[in-house]
Every structure is written in structure tokens, then in C-alpha cells.
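What's in data_18.cif: mmCIF, C-alpha atoms
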```cif
data_run
loop_
_atom_site.label_atom_id
_atom_site.label_comp_id
_atom_site.auth_asym_id
_atom_site.auth_seq_id
_atom_site.Cartn_x
_atom_site.Cartn_y
_atom_site.Cartn_z
CA MET A 1 -19.81 -126.05 -70.51
CA ASP A 2 -21.76 -123.05 -71.74
CA LYS A 3 -25.11 -121.82 -70.45
CA ASN A 4 -27.17 -123.60 -73.19
CA GLU A 5 -25.52 -126.95 -72.46
CA LYS A 6 -26.20 -126.57 -68.72
CA THR A 7 -29.87 -125.73 -69.41
CA GLN A 8 -30.19 -128.75 -71.71
CA VAL A 9 -28.63 -131.11 -69.11
CA SER A 10 -30.87 -129.59 -66.44
CA LEU A 11 -33.98 -130.14 -68.57
CA THR A 12 -32.92 -133.73 -69.28
CA ASP A 13 -32.42 -134.35 -65.57
CA GLU A 14 -35.82 -132.79 -64.81
CA GLY A 15 -37.45 -135.03 -67.45
CA ALA A 16 -35.89 -138.13 -65.90
CA LEU A 17 -36.90 -136.94 -62.43
CA TYR A 18 -40.47 -136.34 -63.63
CA THR A 19 -40.63 -139.79 -65.28
CA ASP A 20 -39.26 -141.51 -62.16
CA VAL A 21 -41.66 -139.71 -59.81
CA CYS A 22 -44.60 -140.51 -62.10
CA GLY A 23 -43.52 -144.16 -62.04
CA ILE A 24 -43.45 -144.18 -58.25
CA ILE A 25 -46.90 -142.58 -58.00
CA ASP A 26 -48.44 -144.82 -60.69
CA GLY A 27 -46.95 -147.92 -59.05
CA ALA A 28 -48.37 -146.95 -55.67
CA ARG A 29 -51.78 -146.28 -57.23
CA GLY A 30 -51.74 -149.67 -58.94
CA ARG A 31 -50.79 -151.49 -55.73
CA LEU A 32 -53.44 -149.55 -53.83
CA ALA A 33 -56.12 -150.42 -56.41
CA THR A 34 -55.13 -154.10 -56.24
CA TYR A 35 -55.29 -154.05 -52.44
CA ILE A 36 -58.66 -152.28 -52.39
CA ASN A 37 -60.09 -154.69 -54.96
CA ALA A 38 -58.91 -157.67 -52.90
CA GLU A 39 -60.52 -156.21 -49.78
CA ILE A 40 -63.79 -155.55 -51.64
CA CYS A 41 -63.92 -159.14 -52.92
CA MET A 42 -63.09 -160.65 -49.54
CA THR A 43 -65.51 -158.36 -47.68
CA ASN A 44 -68.34 -159.26 -50.04
CA TRP A 45 -67.58 -162.97 -49.73
CA TYR A 46 -67.41 -162.84 -45.91
CA VAL A 47 -70.66 -160.84 -45.79
CA GLY A 48 -72.30 -163.51 -47.96
CA LYS A 49 -70.85 -166.29 -45.83
CA ARG A 50 -72.18 -164.70 -42.66
CA ILE A 51 -75.65 -164.26 -44.14
CA LYS A 52 -75.58 -167.83 -45.43
CA GLU A 53 -74.62 -169.16 -42.00
CA ASP A 54 -77.35 -167.23 -40.24
CA VAL A 55 -80.18 -167.53 -42.73
CA LEU A 56 -79.62 -170.82 -44.54
CA ASP A 57 -77.63 -173.02 -42.21
CA ASN A 58 -79.89 -172.22 -39.30
CA GLN A 59 -82.94 -173.33 -41.33
CA ARG A 60 -84.30 -169.79 -41.51
CA ALA A 61 -84.57 -169.90 -45.30
CA SER A 62 -88.36 -169.72 -45.22
CA TYR A 63 -88.21 -166.10 -44.15
CA GLY A 64 -84.59 -165.54 -45.07
CA LYS A 65 -85.42 -163.18 -47.92
CA GLN A 66 -87.12 -160.83 -45.47
CA VAL A 67 -84.14 -161.05 -43.10
CA VAL A 68 -81.82 -160.06 -45.97
CA LYS A 69 -84.13 -157.19 -46.96
CA ASN A 70 -84.18 -155.88 -43.38
CA LEU A 71 -80.40 -156.17 -43.18
CA ALA A 72 -80.08 -154.27 -46.49
CA VAL A 73 -82.20 -151.41 -45.15
CA LYS A 74 -80.00 -151.09 -42.05
CA LEU A 75 -76.74 -151.37 -43.98
CA THR A 76 -77.91 -148.82 -46.56
CA ALA A 77 -78.79 -146.40 -43.77
CA LYS A 78 -75.31 -146.78 -42.28
CA TYR A 79 -73.08 -147.29 -45.36
CA GLY A 80 -75.06 -145.94 -48.31
CA ASN A 81 -76.74 -147.33 -51.42
CA GLY A 82 -73.95 -149.80 -52.16
CA TRP A 83 -75.30 -152.22 -49.58
CA GLY A 84 -78.83 -152.78 -50.87
CA PHE A 85 -80.75 -156.02 -51.19
CA TYR A 86 -79.36 -156.97 -54.61
CA LYS A 87 -75.78 -156.40 -53.47
CA LEU A 88 -76.40 -158.69 -50.49
CA GLN A 89 -77.90 -161.27 -52.86
CA HIS A 90 -74.66 -161.16 -54.89
CA CYS A 91 -72.61 -161.55 -51.71
CA LEU A 92 -74.73 -164.53 -50.69
CA ARG A 93 -74.34 -166.09 -54.14
CA ALA A 94 -70.56 -165.61 -53.97
CA ALA A 95 -70.41 -167.46 -50.66
CA SER A 96 -72.60 -170.22 -52.06
CA VAL A 97 -70.71 -170.60 -55.33
CA PHE A 98 -67.09 -170.18 -54.19
CA THR A 99 -65.25 -171.90 -51.36
CA GLU A 100 -62.94 -169.81 -49.22
CA ASP A 101 -59.91 -171.27 -51.03
CA GLU A 102 -61.43 -170.36 -54.40
CA ILE A 103 -62.16 -166.78 -53.39
CA VAL A 104 -58.66 -166.31 -51.92
CA TYR A 105 -57.16 -167.68 -55.15
CA ALA A 106 -59.36 -165.36 -57.24
CA VAL A 107 -58.23 -162.37 -55.19
CA ARG A 108 -54.59 -163.43 -55.49
CA THR A 109 -54.96 -163.56 -59.28
CA GLN A 110 -56.40 -160.03 -59.08
CA LEU A 111 -59.91 -160.71 -60.33
CA SER A 112 -62.31 -157.85 -59.72
CA TRP A 113 -65.71 -158.16 -58.04
CA THR A 114 -67.34 -157.67 -61.45
CA GLN A 115 -65.27 -160.51 -62.91
CA LEU A 116 -66.16 -162.72 -59.94
CA ARG A 117 -69.86 -162.03 -60.50
CA SER A 118 -69.44 -163.13 -64.13
CA LEU A 119 -67.68 -166.29 -62.96
CA MET A 120 -70.54 -166.94 -60.52
CA ARG A 121 -73.03 -166.87 -63.39
CA LEU A 122 -70.90 -169.25 -65.45
CA LYS A 123 -70.36 -171.62 -62.54
CA GLU A 124 -74.07 -171.61 -61.65
CA ARG A 125 -75.07 -172.17 -65.29
CA LYS A 126 -72.66 -175.10 -65.53
CA ALA A 127 -74.01 -176.60 -62.29
CA TRP A 128 -77.57 -176.12 -63.54
CA GLU A 129 -76.79 -177.75 -66.89
CA GLU A 130 -75.07 -180.65 -65.17
CA SER A 131 -78.01 -181.28 -62.84
CA PRO A 132 -80.19 -183.76 -64.69
CA ILE A 133 -83.78 -184.32 -63.80
CA GLY A 134 -84.73 -187.94 -64.03
CA LEU A 135 -86.73 -190.84 -62.83
CA ILE A 136 -84.97 -193.93 -61.61
CA LEU A 137 -86.88 -197.19 -61.75
CA CYS A 138 -85.58 -200.03 -59.62
CA SER A 139 -86.54 -203.66 -59.76
CA GLU A 140 -86.53 -203.82 -55.99
CA GLY A 141 -86.62 -201.24 -53.25
CA ASN A 142 -83.77 -200.97 -50.78
CA THR A 143 -84.99 -198.60 -48.10
CA GLU A 144 -81.53 -198.18 -46.55
CA HIS A 145 -80.03 -197.01 -49.88
CA ILE A 146 -82.85 -194.56 -50.49
CA GLN A 147 -82.63 -193.15 -46.97
CA TYR A 148 -78.87 -192.76 -47.38
CA LEU A 149 -79.32 -190.88 -50.65
CA MET A 150 -82.00 -188.66 -49.12
CA LEU A 151 -79.81 -187.75 -46.12
CA ASN A 152 -76.40 -187.51 -47.80
CA GLU A 153 -75.92 -183.92 -49.00
CA ASN A 154 -72.69 -184.88 -50.81
CA SER A 155 -74.32 -187.59 -52.89
CA PRO A 156 -74.41 -186.82 -56.62
CA VAL A 157 -77.86 -188.42 -56.71
CA LYS A 158 -80.61 -186.38 -55.07
CA VAL A 159 -83.86 -188.00 -54.08
CA ALA A 160 -86.83 -185.70 -53.76
CA GLN A 161 -89.45 -188.39 -53.29
CA TYR A 162 -89.47 -192.14 -53.05
CA TYR A 163 -92.32 -194.30 -54.26
CA THR A 164 -92.59 -198.06 -53.90
CA GLN A 165 -94.87 -198.18 -56.94
CA LEU A 166 -94.83 -196.26 -60.19
CA PRO A 167 -97.23 -193.28 -59.90
CA ASP A 168 -100.08 -192.72 -62.29
CA LYS A 169 -99.13 -191.22 -65.67
CA ALA A 170 -101.16 -188.05 -64.96
CA VAL A 171 -99.34 -187.53 -61.64
CA LEU A 172 -95.96 -187.92 -63.39
CA ALA A 173 -97.01 -185.47 -66.12
CA GLU A 174 -98.10 -182.90 -63.52
CA LYS A 175 -94.85 -183.25 -61.56
CA LEU A 176 -92.82 -182.87 -64.76
CA LYS A 177 -94.84 -179.78 -65.70
CA LYS A 178 -94.10 -178.25 -62.26
CA ALA A 179 -90.39 -179.11 -62.55
CA VAL A 180 -90.21 -177.40 -65.96
CA ALA A 181 -92.01 -174.32 -64.60
CA ILE A 182 -89.57 -174.12 -61.68
CA ALA A 183 -86.61 -174.52 -64.04
CA GLU A 184 -87.93 -171.78 -66.33
CA GLU A 185 -88.49 -169.43 -63.38
CA HIS A 186 -84.98 -170.18 -62.11
CA TYR A 187 -83.61 -169.40 -65.58
CA ARG A 188 -85.51 -166.10 -65.77
CA GLU A 189 -84.26 -165.04 -62.30
CA ARG A 190 -80.67 -165.81 -63.26
CA LYS A 191 -81.05 -163.98 -66.55
CA ASN A 192 -82.23 -160.81 -64.77
#
```
I need this file expressed as C-alpha cells, please.
Amino acid sequence: MDKNEKTQVSLTDEGALYTDVCGIIDGARGRLATYINAEICMTNWYVGKRIKEDVLDNQRASYGKQVVKNLAVKLTAKYGNGWGFYKLQHCLRAASVFTEDEIVYAVRTQLSWTQLRSLMRLKERKAWEESPIGLILCSEGNTEHIQYLMLNENSPVKVAQYYTQLPDKAVLAEKLKKAVAIAEEHYRERKN
């Protein structure tokens, strides 16, 4: 083998070596990015779950927004701008929209936090669209059934108020107007 042939074989070996080493590094980077993304998603969900447990489940919702704002200030001071109020709101929404099994599955399928936020919007929109507002008129009142519906959180029928007689038309119109205003405000908040 002459000198040119040896140089050519050496360059070919170096090219293969370079390609293999690049493959190892790129593979490690990809696995690392997947792992970091999974940890980000799970951390955000657990943060939201913890806030939800403390603020909502303990009936502190009336001043819960202020609690979340105060928490955001402290977290931002310790961890930086990435933990502001709106980030905590997204974490809280994630814990409200997704069960633990759903979030684990999403992480396993390698969805990013941004993709999960998009799914949250879709899931919330679907829930909102599937939540009809209506008036049920009954020929007779069964207090036990109404009380059950009012207390059962898992019931598909939600009872906000119970009247034994049909209210005045003006009262119904005013309540409908308020419901529409609330729905429009909810829509605007979700849009922003």
C-alpha cells in the first residue's frame, strides 16, 4: 500500500469516526432534551396540583388569586422571571384539566409544555361547548333529587338554583343576561 492509499484509508476512518461520535453526542442531546422536557411538564403539573389543593380544595378560592400572586412574587425572587403569576396560572390550569394519568401519558409520548398548553385550551373549549345552559321545568318537585344533584359534584346535571315556582319573566331575562355576560367574559379571558 502506498502513501496515498494509506492517507485515503486514514481519512475514511476519520470520517467514520467523526460520524459515529457525532451520532453519540446527538443521541445524548436528544435523550437529555426529552428528559428535561418531561421534568418540566411534570414539575409544572405538580406545582399546579399543589396550588389547587391549597387554594381551591381548602375553600380559599375567594382570595386564591392573591395567594397565587404572592407565591409568584416569592418564586420569581428565588427562581427568576419564569415563575410569574401567568406561569402559575398555566400550572394550575394543567392540574385542573389533566389527571395525573393523562399528564404522565403526555410526557411519555414526548409532548412539550407548549403542546400541553395548546391541548389545555382545546380541552377547556370542548368542555365549555359541551356545558349547556338550560332551564328544566318539572311537573312536580322532588326535593331529594334536587338536593342530590346540588351536592353531587360528579353529576352531569348542575343545579345552581332551585325554584318551586317559575320565576317572573323579567327575573329570567336578567339571569340569562348575566349568564351571557359571564360566558362572554370567560371567553375573552381564555382568548387572551
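Take atom CA of Asn44 of chain A and atom CA of Glu185 of chain A: the distance between them is 26.2 Å.
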Could you write out as a PyMOL selection string the residues that the PyMOL selection byres ((chain A and resi 116) around 12) matches in the shown file?
chain A and resi 37-38+40-42+44-45+90-91+93-95+97-98+102-107+109-115+117-123
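You can rank A:Gly80, A:Gln89, A:Tyr18, A:Arg108 by their closest distance to Glu39 of chain A using all atoms listed in the file, and at the top of that list sits A:Arg108.
Applied to the shown file, the PyMOL selection byres ((chain A and resi 72) around 10) selects the residues A:Gln66, A:Val67, A:Val68, A:Lys69, A:Asn70, A:Leu71, A:Val73, A:Lys74, A:Leu75, A:Thr76, A:Ala77, A:Lys78, A:Tyr79, A:Gly80, A:Asn81, A:Gly82, A:Trp83, A:Gly84, A:Phe85, A:Tyr86, A:Lys87, A:Leu88, A:Gln89.
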Atom pair atom CA of Tyr46 of chain A + atom CA of Leu92 of chain A, distance 8.9 Å
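The spacing separating atom CA of Thr99 of chain A from atom CA of Lys126 of chain A amounts to 16.3 Å.
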